[in-house]
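J.: This is start09.pdb, which holds PDB, C-alpha atoms, pLDDT in the B column:
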MODEL        1
ATOM      1  CA  MET A   1     111.678 113.671  65.881  1.00 52.00           C
ATOM      2  CA  THR A   2     115.196 112.696  64.883  1.00 59.00           C
ATOM      3  CA  ASP A   3     116.211 112.495  61.232  1.00 60.00           C
ATOM      4  CA  ILE A   4     117.272 109.039  60.128  1.00 62.00           C
ATOM      5  CA  PRO A   5     120.558 109.279  58.208  1.00 77.00           C
ATOM      6  CA  ASN A   6     120.176 108.318  54.581  1.00 87.00           C
ATOM      7  CA  THR A   7     123.215 107.918  52.336  1.00 91.00           C
ATOM      8  CA  GLU A   8     124.071 106.452  48.957  1.00 91.00           C
ATOM      9  CA  PHE A   9     127.462 106.156  47.290  1.00 91.00           C
ATOM     10  CA  LEU A  10     127.812 105.886  43.496  1.00 92.00           C
ATOM     11  CA  ASN A  11     131.395 104.727  43.039  1.00 92.00           C
ATOM     12  CA  PHE A  12     132.799 104.947  39.522  1.00 92.00           C
ATOM     13  CA  ILE A  13     136.383 105.341  40.728  1.00 90.00           C
ATOM     14  CA  ASP A  14     137.096 101.648  41.254  1.00 89.00           C
ATOM     15  CA  HIS A  15     135.151 100.768  38.088  1.00 91.00           C
ATOM     16  CA  PRO A  16     135.007 103.819  35.780  1.00 94.00           C
ATOM     17  CA  VAL A  17     131.810 104.464  33.847  1.00 93.00           C
ATOM     18  CA  THR A  18     131.914 104.428  30.033  1.00 95.00           C
ATOM     19  CA  VAL A  19     130.507 107.524  28.329  1.00 95.00           C
ATOM     20  CA  GLU A  20     129.832 107.848  24.614  1.00 96.00           C
ATOM     21  CA  TYR A  21     130.171 111.317  23.145  1.00 97.00           C
ATOM     22  CA  SER A  22     127.700 112.476  20.499  1.00 97.00           C
ATOM     23  CA  GLN A  23     128.609 114.153  17.235  1.00 97.00           C
ATOM     24  CA  HIS A  24     128.583 117.406  19.226  1.00 97.00           C
ATOM     25  CA  GLY A  25     131.016 116.139  21.882  1.00 96.00           C
ATOM     26  CA  SER A  26     128.504 115.836  24.730  1.00 97.00           C
ATOM     27  CA  ALA A  27     127.529 112.759  26.732  1.00 96.00           C
ATOM     28  CA  MET A  28     125.021 111.992  29.455  1.00 95.00           C
ATOM     29  CA  VAL A  29     126.839 110.033  32.157  1.00 95.00           C
ATOM     30  CA  PRO A  30     125.062 106.679  32.721  1.00 94.00           C
ATOM     31  CA  LEU A  31     124.815 106.701  36.518  1.00 91.00           C
ATOM     32  CA  ASN A  32     122.327 103.818  36.609  1.00 88.00           C
ATOM     33  CA  GLN A  33     120.809 101.095  34.471  1.00 80.00           C
ATOM     34  CA  GLY A  34     118.903 102.479  31.502  1.00 77.00           C
ATOM     35  CA  ASN A  35     120.698 105.836  31.635  1.00 78.00           C
ATOM     36  CA  ASN A  36     117.780 107.324  33.601  1.00 86.00           C
ATOM     37  CA  PRO A  37     117.835 110.305  35.948  1.00 92.00           C
ATOM     38  CA  VAL A  38     119.003 109.382  39.453  1.00 93.00           C
ATOM     39  CA  ASP A  39     116.267 109.587  42.092  1.00 94.00           C
ATOM     40  CA  ILE A  40     117.602 111.867  44.836  1.00 95.00           C
ATOM     41  CA  THR A  41     114.454 112.194  46.930  1.00 92.00           C
ATOM     42  CA  GLY A  42     115.218 111.668  50.588  1.00 90.00           C
ATOM     43  CA  PHE A  43     118.614 113.347  50.322  1.00 95.00           C
ATOM     44  CA  ARG A  44     119.669 116.891  51.205  1.00 94.00           C
ATOM     45  CA  LYS A  45     123.211 117.070  49.798  1.00 96.00           C
ATOM     46  CA  VAL A  46     124.941 115.907  46.635  1.00 96.00           C
ATOM     47  CA  ASN A  47     128.730 115.589  46.926  1.00 97.00           C
ATOM     48  CA  ILE A  48     130.448 114.955  43.624  1.00 96.00           C
ATOM     49  CA  MET A  49     133.967 114.539  42.307  1.00 96.00           C
ATOM     50  CA  ILE A  50     134.826 114.213  38.631  1.00 95.00           C
ATOM     51  CA  GLY A  51     138.137 112.486  38.055  1.00 92.00           C
ATOM     52  CA  THR A  52     139.840 111.507  34.843  1.00 87.00           C
ATOM     53  CA  THR A  53     138.115 112.711  31.656  1.00 93.00           C
ATOM     54  CA  THR A  54     139.012 114.394  28.376  1.00 94.00           C
ATOM     55  CA  ALA A  55     135.849 116.538  28.527  1.00 96.00           C
ATOM     56  CA  SER A  56     136.293 120.264  28.999  1.00 96.00           C
ATOM     57  CA  SER A  57     133.259 120.781  31.261  1.00 96.00           C
ATOM     58  CA  CYS A  58     130.605 119.009  33.315  1.00 97.00           C
ATOM     59  CA  THR A  59     127.065 120.138  34.105  1.00 97.00           C
ATOM     60  CA  MET A  60     124.722 118.634  36.678  1.00 96.00           C
ATOM     61  CA  TYR A  61     120.991 119.123  36.202  1.00 96.00           C
ATOM     62  CA  MET A  62     118.830 118.791  39.282  1.00 96.00           C
ATOM     63  CA  GLY A  63     115.050 119.057  39.527  1.00 94.00           C
ATOM     64  CA  LYS A  64     112.303 117.340  37.559  1.00 91.00           C
ATOM     65  CA  ILE A  65     114.128 115.704  34.653  1.00 89.00           C
ATOM     66  CA  SER A  66     111.819 113.014  33.227  1.00 78.00           C
ATOM     67  CA  GLY A  67     108.837 114.056  31.127  1.00 78.00           C
ATOM     68  CA  VAL A  68     108.586 117.837  30.951  1.00 79.00           C
ATOM     69  CA  THR A  69     111.864 119.087  32.406  1.00 77.00           C
ATOM     70  CA  LEU A  70     112.061 121.760  35.082  1.00 87.00           C
ATOM     71  CA  ALA A  71     115.611 121.742  36.434  1.00 92.00           C
ATOM     72  CA  ASN A  72     118.491 123.945  37.512  1.00 93.00           C
ATOM     73  CA  SER A  73     121.953 123.528  36.025  1.00 94.00           C
ATOM     74  CA  TYR A  74     125.182 123.535  38.034  1.00 96.00           C
ATOM     75  CA  ASP A  75     128.653 123.678  36.509  1.00 96.00           C
ATOM     76  CA  ILE A  76     131.051 121.255  38.175  1.00 96.00           C
ATOM     77  CA  PRO A  77     134.743 122.139  37.930  1.00 95.00           C
ATOM     78  CA  LEU A  78     136.973 119.389  36.563  1.00 95.00           C
ATOM     79  CA  ASP A  79     139.568 119.892  39.279  1.00 94.00           C
ATOM     80  CA  HIS A  80     139.545 116.473  41.030  1.00 93.00           C
ATOM     81  CA  LYS A  81     137.999 118.070  44.140  1.00 96.00           C
ATOM     82  CA  ILE A  82     134.758 117.308  45.963  1.00 96.00           C
ATOM     83  CA  HIS A  83     131.959 119.798  45.338  1.00 97.00           C
ATOM     84  CA  THR A  84     128.780 119.904  47.440  1.00 97.00           C
ATOM     85  CA  PHE A  85     125.321 121.045  46.371  1.00 97.00           C
ATOM     86  CA  ASN A  86     121.979 121.296  48.157  1.00 97.00           C
ATOM     87  CA  VAL A  87     119.308 119.030  46.691  1.00 95.00           C
ATOM     88  CA  VAL A  88     116.655 121.151  44.964  1.00 93.00           C
ATOM     89  CA  GLY A  89     114.601 118.521  43.203  1.00 90.00           C
ATOM     90  CA  PRO A  90     113.758 114.855  42.944  1.00 95.00           C
ATOM     91  CA  GLN A  91     116.109 113.887  40.085  1.00 95.00           C
ATOM     92  CA  MET A  92     119.661 114.446  38.861  1.00 95.00           C
ATOM     93  CA  VAL A  93     121.685 113.845  35.686  1.00 95.00           C
ATOM     94  CA  LEU A  94     125.273 114.648  34.655  1.00 96.00           C
ATOM     95  CA  TRP A  95     126.449 115.774  31.234  1.00 96.00           C
ATOM     96  CA  LEU A  96     130.048 115.934  30.069  1.00 97.00           C
ATOM     97  CA  LYS A  97     130.752 118.439  27.308  1.00 97.00           C
ATOM     98  CA  GLY A  98     133.721 119.160  25.091  1.00 97.00           C
ATOM     99  CA  GLY A  99     134.736 115.547  24.552  1.00 95.00           C
ATOM    100  CA  LYS A 100     136.015 114.261  21.238  1.00 96.00           C
ATOM    101  CA  PRO A 101     132.930 113.723  19.027  1.00 97.00           C
ATOM    102  CA  MET A 102     131.831 110.157  18.256  1.00 97.00           C
ATOM    103  CA  THR A 103     134.229 108.537  20.753  1.00 97.00           C
ATOM    104  CA  SER A 104     133.874 106.830  24.103  1.00 96.00           C
ATOM    105  CA  GLU A 105     136.000 106.935  27.239  1.00 96.00           C
ATOM    106  CA  ASN A 106     136.060 105.587  30.776  1.00 96.00           C
ATOM    107  CA  VAL A 107     135.441 108.337  33.332  1.00 95.00           C
ATOM    108  CA  LYS A 108     136.190 108.255  37.054  1.00 94.00           C
ATOM    109  CA  ILE A 109     133.376 109.825  39.073  1.00 94.00           C
ATOM    110  CA  TRP A 110     131.992 109.449  42.551  1.00 93.00           C
ATOM    111  CA  ILE A 111     128.796 110.796  43.996  1.00 95.00           C
ATOM    112  CA  TYR A 112     127.863 110.707  47.674  1.00 95.00           C
ATOM    113  CA  LEU A 113     124.265 111.509  48.534  1.00 95.00           C
ATOM    114  CA  SER A 114     123.433 112.323  52.146  1.00 93.00           C
ATOM    115  CA  SER A 115     120.458 113.449  54.199  1.00 89.00           C
TER     116      SER A 115
ENDMDL
END
Using structure tokens, write down the structure from this file.

T.:
Amino acid sequence: MTDIPNTEFLNFIDHPVTVEYSQHGSAMVPLNQGNNPVDITGFRKVNIMIGTTTASSCTMYMGKISGVTLANSYDIPLDHKIHTFNVVGPQMVLWLKGGKPMTSENVKIWIYLSS
């Protein structure tokens, strides 16, 4: 049986996403409506590039996020390069850390999910 290619592109380069940093300088990146974890079932690879941001680090959490969380964390370098990860769970979220507390900024990010 042949695999049917499955892809999804989250493009926040052309229209940057607005993140709001907490009092501790961290922000969950709103990758969808309602700021929920992204469903990545049906995909095998996550390709991600973090562009312009004032944050000092980015962490991706992948696994079971909603409800009781059971997820792995992956540090994503802020080097404007594409980084690829194997999918290890049904959901994914991104957190930016080290931003200026209680501020917001537009961040350029793209994520390409593929099977």

J.: Counting all atoms listed in the file, figure out which residue out of A:Ala71, A:Leu78, A:Leu31, A:Val38 gets nearest to Thr52 in chain A.

T.: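 Smallest separation from Thr52 in chain A among the options: A:Leu78.
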
J.: Using the chain letters and numbers from the file, give me the residues hit by the PyMOL selection byres ((chain A and resi 109-112) around 10), as JSON, numbers by chain.

T.: {"A": [7, 8, 9, 10, 11, 12, 13, 14, 15, 16, 17, 29, 31, 43, 45, 46, 47, 48, 49, 50, 51, 52, 53, 80, 82, 83, 84, 106, 107, 108, 113, 114]}

J.: One number please: CA of Ser57 in chain A to CA of Asn36 in chain A, in Å, one decimal.

T.: 20.6 Å

J.: So what does the PyMOL selection byres ((chain A and resi 90) around 6) actually pick up in this one, as a PDB file with C-alpha atoms, keeping the file's coordinate frame?

T.:
ATOM      1  CA  ASP A  39     116.267 109.587  42.092  1.00 94.00           C
ATOM      2  CA  ILE A  40     117.602 111.867  44.836  1.00 95.00           C
ATOM      3  CA  THR A  41     114.454 112.194  46.930  1.00 92.00           C
ATOM      4  CA  GLY A  63     115.050 119.057  39.527  1.00 94.00           C
ATOM      5  CA  GLY A  89     114.601 118.521  43.203  1.00 90.00           C
ATOM      6  CA  GLN A  91     116.109 113.887  40.085  1.00 95.00           C
TER       7      GLN A  91
END

J.: Figure out the distance between CA of Leu96 in chain A and CA of Arg44 in chain A, please, to one decimal in Å.

T.: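 Value for the CA of Arg44 in chain A-CA of Leu96 in chain A distance: 23.6 Å.
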
J.: When you look at Ile65 in chain A with a cut-off of 8 Å (counting all atoms listed in the file), what residues show up, excluding the ones that are within fewer than 4 positions of it in the same chain? I need them as JSON, numbers by chain.

T.: {"A": [37, 61, 69, 70, 71, 91, 92, 93]}

J.: Write to file, as a PDB file, keeping the file's coordinate frame, the residues of the selection just made, with C-alpha atoms.

T.:
ATOM      1  CA  PRO A  37     117.835 110.305  35.948  1.00 92.00           C
ATOM      2  CA  TYR A  61     120.991 119.123  36.202  1.00 96.00           C
ATOM      3  CA  THR A  69     111.864 119.087  32.406  1.00 77.00           C
ATOM      4  CA  LEU A  70     112.061 121.760  35.082  1.00 87.00           C
ATOM      5  CA  ALA A  71     115.611 121.742  36.434  1.00 92.00           C
ATOM      6  CA  GLN A  91     116.109 113.887  40.085  1.00 95.00           C
ATOM      7  CA  MET A  92     119.661 114.446  38.861  1.00 95.00           C
ATOM      8  CA  VAL A  93     121.685 113.845  35.686  1.00 95.00           C
TER       9      VAL A  93
END

J.: Taking into account only C-alpha atoms, which residue in the set A:Glu20, A:Asn35, A:Pro101, A:Gly42 is nearest to Ser66 in chain A?

T.: A:Asn35

J.: Carefully work through the PyMOL selection byres ((chain A and resi 104) around 6) for this structure and note down the residues it includes, as a list of chain:residue names.

T.: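 Matching residues under the PyMOL selection byres ((chain A and resi 104) around 6) are A:Val19, A:Glu20, A:Tyr21, A:Thr103, A:Glu105.
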
J.: For a cut-off of 9 Å around (137.0, 119.6, 26.8), file coordinates, pick out all residues using all atoms listed in the file and list them as a list of chain:residue names.

T.: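 These residues have at least one counted atom within 9 Å: A:Gly25, A:Thr53, A:Thr54, A:Ala55, A:Ser56, A:Ser57, A:Leu96, A:Lys97, A:Gly98, A:Gly99, A:Lys100.
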
J.: Using only C-alpha atoms for the distances, tell me which of A:Asn72, A:Ser26, A:Thr18, A:Asn6 is nearest to Val88 in chain A.

T.: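 Ranking A:Asn72, A:Ser26, A:Thr18, A:Asn6 by distance to Val88 in chain A, first place goes to A:Asn72.
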
J.: With all atoms listed in the file as the atoms that count, which of A:Pro5, A:Thr59, A:Met28, A:Gly34 lies nearest to Pro77 in chain A?

T.: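 Using all atoms listed in the file, the shortest distance to Pro77 in chain A belongs to A:Thr59.
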
J.: What does the distance from CA of Tyr74 in chain A to CA of Pro30 in chain A come to in Å, to one decimal?

T.: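 If I compute the distance from CA of Tyr74 in chain A to CA of Pro30 in chain A, I get 17.7 Å.
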
J.: Closest to Ala27 in chain A among A:Val87, A:Lys81, A:Gly67, A:Trp95, using all atoms listed in the file?

T.: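 Nearest to Ala27 in chain A: A:Trp95.
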
J.: Need the axis-aligned box for range 62-66 of chain A with 5 Å each side, so what are the centre and edges in Å to one decimal, as AutoDock Vina command-line options?

T.:
--center_x 115.3 --center_y 116.0 --center_z 36.4 --size_x 17.0 --size_y 16.0 --size_z 16.3
